Amino acid sequence: FSYYQVGLGTKTGYKLFSVTSVDKLDCIYESETPDVYIVERLFSSSLVVVVSLSIPRRMNVYHFKKGTEICNYSYSNNILSVRLNRQRLVVCLEESVYIHNIKDMKLLKTLLNTPSNPSGLCALSINHSNSYLAYPGSSTIGEIIVYDANNLSTVTMIPAHDSPLAALTFNSSGTKLASASERGTVIRVFSIPEGQRMFEFRRGMKRYVNISSLSFSPDAQFLCASSNTETVHIFKLEQHGPSGEEECPTWGSYVGKMFSAASSYLPAQVSGVMSQERAFATVRLLVAGQRNVCTLATIQKLPRLLVASSDGQLFIYNVDPQDGGECVLEGVESEGSEVTVPVQACPSYAATCVCVYITLPVTPLLLSSPGYSEDGGAKKGEVIPEHEFAAGPVCLDDENEFPPVSNQQLC
């Protein structure tokens, strides 16, 4: 049975919710830590990473079920984002990236002097065997650096877009990477680790938009994208047979073939636009202009689109995987606390764990700290002796403390 979770940060604290049906949102944990703008949970485990506006340079790692702090680290500037899987924990600052070994929180690598990244944009594959990290390679064009977080080495650089990057996400196996630029008109999918372009989708042509999230479906057959407009797009990664024909042709694919046939008679710029795939399915949100994050999930054995908005609402839509079209609103869940936050996506984990987090904004300091410490700027804080981190590595194979996501059974 699939399990999905939502993290919500507000002025008065943060909450963790589980989503097991379209009409129920269960609060599984609530903290009164104020002004939390980053909350990241390690899949279905009890480990949670929290950053607060009161101390934006410090990352706290908690065992929330025991109510104890595992450890904390301080950095040279404000923390903009945190990503984690079962091998690595990545902390992104505006001009540096820190890679920790999640089993003992040892700092393994510091990537200094990275291109200015004021939004903290980065993506970490949740498949710890393919533990790839992606982050901007330029502040002026859409270059992507793909870094192997296991072997601590650069894999490739992908010239993805002409404009700076706005969104990045891996599929659950870490073999595909989707990206969008600040223009928001074209979304591209690349093979990993090769960095070859596999798919190109056109979100729109009339206007530039701010893409706020990208997310693959658990089987990587679909990709959804949300923005500051009222429309969420779902694209289908069409599979082709040996003859080049699609295995399950749709009306959209026939239209695409017609455009492709006509493109040979048109200028290169026009033919390139016409050869890009259009949305397979769409959602018309009730309100436009709000920050939101979307993800594709399977709930109650049916494909769904989840959209969490910055006003504290979670919308659940039915998705027709065969014919696409306009998705039907199935349920709406609301959180009563005041939410003054934009949203930030957390990657999905196959068919068993998809995280959607709503987080507070953070404004980087105008002046960074002079210099770095010997370990690259991260300073280890107090380690709580009562916790297993004090005695040794965290037991990720302990099914009671950190249940394997792939084997988890929930009712």
# chains A, B, ... in the order shown; residues from 1 in each chain; ligands from 1
call {"tool": "residues_around", "arguments": {"residues": "segment 25-41 of chain A", "least_positions_apart": "3", "cutoff": "8 Å", "atoms": "only C-alpha atoms", "output": "PyMOL selection string"}}
result
chain A and resi 7-21+44-54+64+81-84+333+341+346+357+359-362
call {"tool": "write_last_selection", "arguments": {"atoms": "N, CA and C atoms", "output": "CSV table (one decimal), in the first residue's frame"}}
result
chain,number,residue,atom,x,y,z
A,7,GLY,N,4.8,17.8,4.7
A,7,GLY,CA,5.4,18.5,5.7
A,7,GLY,C,5.0,20.0,5.6
A,8,LEU,N,4.6,20.6,6.7
A,8,LEU,CA,4.0,21.9,6.7
A,8,LEU,C,4.8,22.8,7.7
A,9,GLY,N,5.4,23.9,7.3
A,9,GLY,CA,6.0,24.8,8.2
A,9,GLY,C,5.2,26.1,8.3
A,10,THR,N,5.1,26.6,9.5
A,10,THR,CA,4.3,27.8,9.8
A,10,THR,C,5.1,28.7,10.8
A,11,LYS,N,4.5,29.8,11.2
A,11,LYS,CA,5.1,30.7,12.1
A,11,LYS,C,5.2,30.1,13.5
A,12,THR,N,4.3,29.2,13.8
A,12,THR,CA,4.2,28.6,15.2
A,12,THR,C,4.8,27.2,15.3
A,13,GLY,N,5.2,26.6,14.2
A,13,GLY,CA,5.8,25.3,14.3
A,13,GLY,C,5.7,24.6,13.0
A,14,TYR,N,6.0,23.2,13.0
A,14,TYR,CA,5.8,22.4,11.8
A,14,TYR,C,5.1,21.2,12.1
A,15,LYS,N,4.5,20.6,11.1
A,15,LYS,CA,3.7,19.4,11.2
A,15,LYS,C,4.1,18.4,10.1
A,16,LEU,N,3.9,17.1,10.4
A,16,LEU,CA,4.1,16.0,9.4
A,16,LEU,C,2.8,15.3,9.3
A,17,PHE,N,2.3,15.1,8.1
A,17,PHE,CA,1.1,14.5,7.8
A,17,PHE,C,1.3,13.2,6.9
A,18,SER,N,0.4,12.3,7.0
A,18,SER,CA,0.4,11.1,6.1
A,18,SER,C,-0.8,11.2,5.3
A,19,VAL,N,-0.7,10.8,4.1
A,19,VAL,CA,-1.9,10.7,3.1
A,19,VAL,C,-2.1,9.3,2.7
A,20,THR,N,-3.1,8.7,3.2
A,20,THR,CA,-3.4,7.3,2.8
A,20,THR,C,-4.7,7.1,2.0
A,21,SER,N,-5.5,8.2,1.9
A,21,SER,CA,-6.7,8.2,1.1
A,21,SER,C,-7.0,9.6,0.7
A,44,SER,N,10.2,7.2,5.5
A,44,SER,CA,9.2,6.9,6.5
A,44,SER,C,9.8,6.8,7.9
A,45,SER,N,11.1,7.1,8.0
A,45,SER,CA,11.8,6.9,9.3
A,45,SER,C,11.5,8.0,10.3
A,46,SER,N,12.1,8.0,11.4
A,46,SER,CA,11.9,9.0,12.5
A,46,SER,C,12.9,10.1,12.4
A,47,LEU,N,13.8,10.1,11.4
A,47,LEU,CA,14.8,11.1,11.3
A,47,LEU,C,14.2,12.3,10.5
A,48,VAL,N,14.3,13.5,11.1
A,48,VAL,CA,13.8,14.7,10.4
A,48,VAL,C,14.9,15.8,10.5
A,49,VAL,N,15.1,16.6,9.5
A,49,VAL,CA,16.0,17.7,9.4
A,49,VAL,C,15.2,19.0,9.4
A,50,VAL,N,15.6,19.9,10.3
A,50,VAL,CA,14.8,21.2,10.5
A,50,VAL,C,15.8,22.3,10.5
A,51,VAL,N,15.4,23.4,9.8
A,51,VAL,CA,16.1,24.7,9.8
A,51,VAL,C,15.1,25.8,10.1
A,52,SER,N,15.4,26.7,11.1
A,52,SER,CA,14.5,27.7,11.5
A,52,SER,C,15.0,29.1,11.1
A,53,LEU,N,14.1,30.0,10.9
A,53,LEU,CA,14.5,31.4,10.6
A,53,LEU,C,15.3,32.1,11.7
A,54,SER,N,15.1,31.6,12.9
A,54,SER,CA,15.8,32.2,14.1
A,54,SER,C,17.3,31.9,14.0
A,64,PHE,N,12.3,12.4,15.8
A,64,PHE,CA,11.1,13.1,16.3
A,64,PHE,C,10.2,12.2,17.2
A,81,SER,N,18.6,25.0,1.2
A,81,SER,CA,17.8,23.8,1.0
A,81,SER,C,18.6,22.6,1.5
A,82,VAL,N,17.9,21.5,1.8
A,82,VAL,CA,18.5,20.3,2.3
A,82,VAL,C,17.9,19.1,1.6
A,83,ARG,N,18.7,18.2,1.1
A,83,ARG,CA,18.2,17.0,0.4
A,83,ARG,C,18.9,15.8,1.1
A,84,LEU,N,18.2,14.6,1.1
A,84,LEU,CA,18.7,13.5,1.8
A,84,LEU,C,18.2,12.2,1.2
A,333,GLU,N,-7.9,19.0,1.2
A,333,GLU,CA,-7.6,19.0,2.7
A,333,GLU,C,-7.0,20.4,3.0
A,341,VAL,N,4.1,30.8,3.5
A,341,VAL,CA,5.3,30.2,2.9
A,341,VAL,C,5.1,29.8,1.5
A,346,CYS,N,10.0,18.0,-2.7
A,346,CYS,CA,10.9,16.9,-2.2
A,346,CYS,C,10.7,15.7,-3.1
A,357,TYR,N,6.6,19.2,0.5
A,357,TYR,CA,6.9,20.0,1.7
A,357,TYR,C,6.5,21.5,1.3
A,359,THR,N,7.4,25.2,2.7
A,359,THR,CA,8.4,25.7,3.6
A,359,THR,C,8.5,27.3,3.5
A,360,LEU,N,9.1,27.8,4.5
A,360,LEU,CA,9.2,29.3,4.6
A,360,LEU,C,10.3,29.8,3.7
A,361,PRO,N,10.3,31.0,3.3
A,361,PRO,CA,11.4,31.6,2.5
A,361,PRO,C,12.5,32.0,3.4
A,362,VAL,N,13.7,32.0,2.8
A,362,VAL,CA,14.9,32.5,3.5
A,362,VAL,C,15.6,33.5,2.7
call {"tool": "closest_residue", "arguments": {"among": "A:Ile299, A:Ile79, A:Val307, A:Ala279", "to": "Glu326 of chain A", "atoms": "only C-alpha atoms"}}
result
A:Ala279
call {"tool": "atom_distance", "arguments": {"atom1": "atom CA of Leu152 of chain A", "atom2": "atom CA of Asn171 of chain A"}}
result
20.5 Å
call {"tool": "residues_around", "arguments": {"residues": "Ser139 of chain A", "least_positions_apart": "3", "cutoff": "8 Å", "atoms": "only C-alpha atoms", "output": "list in words"}}
result
Pro115, Ser116, Asn117, Pro136, Gly142 and Pro164 of chain A
call {"tool": "write_last_selection", "arguments": {"atoms": "all heavy atoms", "output": "CSV table (one decimal), in the first residue's frame"}}
result
chain,number,residue,atom,x,y,z
A,115,PRO,N,28.5,28.4,-8.6
A,115,PRO,CA,27.8,29.6,-9.2
A,115,PRO,C,26.7,30.1,-8.2
A,115,PRO,O,26.0,29.3,-7.6
A,115,PRO,CB,27.2,29.1,-10.5
A,115,PRO,CG,28.1,28.0,-10.9
A,115,PRO,CD,28.5,27.3,-9.6
A,116,SER,N,26.5,31.4,-8.2
A,116,SER,CA,25.5,31.9,-7.3
A,116,SER,C,24.1,31.2,-7.5
A,116,SER,O,23.6,31.1,-8.6
A,116,SER,CB,25.3,33.4,-7.6
A,116,SER,OG,24.3,34.0,-6.8
A,117,ASN,N,23.6,30.8,-6.4
A,117,ASN,CA,22.3,30.0,-6.4
A,117,ASN,C,21.4,30.5,-5.3
A,117,ASN,O,21.2,29.8,-4.3
A,117,ASN,CB,22.7,28.5,-6.3
A,117,ASN,CG,21.5,27.6,-6.4
A,117,ASN,OD1,20.4,28.0,-6.8
A,117,ASN,ND2,21.7,26.3,-5.9
A,136,PRO,N,23.0,23.9,-10.3
A,136,PRO,CA,23.3,24.8,-11.4
A,136,PRO,C,24.8,25.0,-11.6
A,136,PRO,O,25.6,25.1,-10.7
A,136,PRO,CB,22.7,26.2,-11.0
A,136,PRO,CG,21.6,25.8,-10.0
A,136,PRO,CD,22.1,24.6,-9.3
A,142,GLY,N,21.4,27.9,-18.4
A,142,GLY,CA,20.9,26.7,-17.8
A,142,GLY,C,21.8,25.5,-17.8
A,142,GLY,O,21.4,24.5,-18.3
A,164,PRO,N,18.8,30.8,-17.1
A,164,PRO,CA,19.1,30.1,-15.8
A,164,PRO,C,18.1,29.1,-15.4
A,164,PRO,O,16.9,29.2,-15.7
A,164,PRO,CB,19.2,31.3,-14.8
A,164,PRO,CG,19.5,32.5,-15.7
A,164,PRO,CD,18.8,32.2,-17.0
call {"tool": "closest_residue", "arguments": {"among": "A:Gly289, A:His233, A:Glu238, A:Pro303", "to": "Ile187 of chain A", "atoms": "only C-alpha atoms"}}
result
A:His233
call {"tool": "residues_around", "arguments": {"residues": "Val22 of chain A", "least_positions_apart": "6", "cutoff": "10 Å", "atoms": "only C-alpha atoms", "output": "count of residues only"}}
result
12
call {"tool": "select_by_dssp", "arguments": {"residues": "segment 5-55 of chain A", "states": "strand (DSSP E or B)", "output": "number ranges by chain"}}
result
A: 5-9, 14-21, 24-31, 36-41, 47-52, 55
call {"tool": "atom_distance", "arguments": {"atom1": "atom CA of Pro118 of chain A", "atom2": "atom CA of Glu94 of chain A"}}
result
5.0 Å
call {"tool": "residues_around", "arguments": {"residues": "Met198 of chain A", "least_positions_apart": "5", "cutoff": "7 Å", "atoms": "only C-alpha atoms", "output": "ChimeraX atom specification"}}
result
/A:189-191
call {"tool": "closest_residue", "arguments": {"among": "A:Lys66, A:Arg86, A:Lys24, A:Arg291", "to": "Ser310 of chain A", "atoms": "only C-alpha atoms"}}
result
A:Arg291
call {"tool": "closest_residue", "arguments": {"among": "A:Gln221, A:Ser226, A:Gln313, A:Ser181", "to": "Leu168 of chain A", "atoms": "only C-alpha atoms"}}
result
A:Ser181
call {"tool": "residues_around", "arguments": {"residues": "Ala220 of chain A", "least_positions_apart": "5", "cutoff": "12 Å", "atoms": "only C-alpha atoms", "output": "JSON list (two decimals) with N, CA and C atoms, in the first residue's frame"}}
result
[["chain", "number", "residue", "atom", "x", "y", "z"],
["A", 169, "THR", "N", 14.63, 17.82, -11.03],
["A", 169, "THR", "CA", 14.18, 16.65, -10.28],
["A", 169, "THR", "C", 14.66, 15.38, -10.95],
["A", 170, "PHE", "N", 15.00, 14.37, -10.13],
["A", 170, "PHE", "CA", 15.35, 13.04, -10.63],
["A", 170, "PHE", "C", 14.12, 12.13, -10.56],
["A", 171, "ASN", "N", 14.11, 11.09, -11.38],
["A", 171, "ASN", "CA", 13.11, 10.04, -11.19],
["A", 171, "ASN", "C", 13.57, 9.15, -10.05],
["A", 172, "SER", "N", 12.74, 8.20, -9.64],
["A", 172, "SER", "CA", 13.00, 7.42, -8.43],
["A", 172, "SER", "C", 14.23, 6.54, -8.53],
["A", 173, "SER", "N", 14.62, 6.14, -9.73],
["A", 173, "SER", "CA", 15.79, 5.27, -9.90],
["A", 173, "SER", "C", 17.07, 6.05, -10.15],
["A", 174, "GLY", "N", 16.97, 7.37, -10.33],
["A", 174, "GLY", "CA", 18.14, 8.18, -10.58],
["A", 174, "GLY", "C", 18.69, 8.04, -11.99],
["A", 175, "THR", "N", 17.87, 7.61, -12.92],
["A", 175, "THR", "CA", 18.31, 7.41, -14.31],
["A", 175, "THR", "C", 17.79, 8.49, -15.25],
["A", 176, "LYS", "N", 16.92, 9.37, -14.78],
["A", 176, "LYS", "CA", 16.40, 10.48, -15.58],
["A", 176, "LYS", "C", 16.44, 11.74, -14.74],
["A", 177, "LEU", "N", 16.69, 12.86, -15.41],
["A", 177, "LEU", "CA", 16.71, 14.16, -14.76],
["A", 177, "LEU", "C", 15.90, 15.13, -15.59],
["A", 178, "ALA", "N", 14.91, 15.78, -14.97],
["A", 178, "ALA", "CA", 14.08, 16.78, -15.65],
["A", 178, "ALA", "C", 14.49, 18.18, -15.20],
["A", 189, "VAL", "N", 14.07, 16.42, -20.42],
["A", 189, "VAL", "CA", 14.43, 15.24, -19.64],
["A", 189, "VAL", "C", 15.70, 14.64, -20.22],
["A", 215, "SER", "N", 8.01, 16.87, -10.99],
["A", 215, "SER", "CA", 8.00, 15.59, -10.29],
["A", 215, "SER", "C", 7.62, 14.48, -11.25],
["A", 234, "ILE", "N", 0.73, 17.77, -17.01],
["A", 234, "ILE", "CA", 1.26, 16.41, -16.89],
["A", 234, "ILE", "C", 1.68, 15.96, -18.28],
["A", 235, "PHE", "N", 2.94, 15.57, -18.41],
["A", 235, "PHE", "CA", 3.49, 15.12, -19.68],
["A", 235, "PHE", "C", 3.72, 13.61, -19.63],
["A", 236, "LYS", "N", 3.56, 12.99, -20.78],
["A", 236, "LYS", "CA", 3.75, 11.54, -20.87],
["A", 236, "LYS", "C", 5.05, 11.24, -21.59],
["A", 237, "LEU", "N", 5.89, 10.43, -20.96],
["A", 237, "LEU", "CA", 7.14, 10.03, -21.57],
["A", 237, "LEU", "C", 6.86, 8.82, -22.44],
["A", 238, "GLU", "N", 6.53, 9.07, -23.71],
["A", 238, "GLU", "CA", 6.07, 8.03, -24.61],
["A", 238, "GLU", "C", 7.16, 6.99, -24.87],
["A", 239, "GLN", "N", 6.76, 5.72, -24.84],
["A", 239, "GLN", "CA", 7.67, 4.62, -25.16],
["A", 239, "GLN", "C", 7.47, 4.21, -26.62],
["A", 295, "THR", "N", 2.99, 16.62, -7.17],
["A", 295, "THR", "CA", 3.62, 15.31, -7.28],
["A", 295, "THR", "C", 2.59, 14.31, -7.77],
["A", 296, "LEU", "N", 3.06, 13.28, -8.44],
["A", 296, "LEU", "CA", 2.19, 12.21, -8.93],
["A", 296, "LEU", "C", 2.31, 11.02, -7.99],
["A", 297, "ALA", "N", 1.17, 10.41, -7.66],
["A", 297, "ALA", "CA", 1.16, 9.35, -6.66],
["A", 297, "ALA", "C", 0.10, 8.32, -6.99],
["A", 348, "SER", "N", 10.12, 12.05, -5.03],
["A", 348, "SER", "CA", 9.33, 10.88, -4.70],
["A", 348, "SER", "C", 10.21, 9.67, -4.57],
["A", 349, "TYR", "N", 9.74, 8.64, -3.86],
["A", 349, "TYR", "CA", 10.52, 7.42, -3.70],
["A", 349, "TYR", "C", 9.69, 6.24, -4.18],
["A", 350, "ALA", "N", 9.85, 5.90, -5.46],
["A", 350, "ALA", "CA", 9.12, 4.81, -6.10],
["A", 350, "ALA", "C", 7.65, 4.90, -5.76],
["A", 351, "ALA", "N", 7.02, 3.75, -5.50],
["A", 351, "ALA", "CA", 5.58, 3.75, -5.23],
["A", 351, "ALA", "C", 5.30, 3.76, -3.75]]
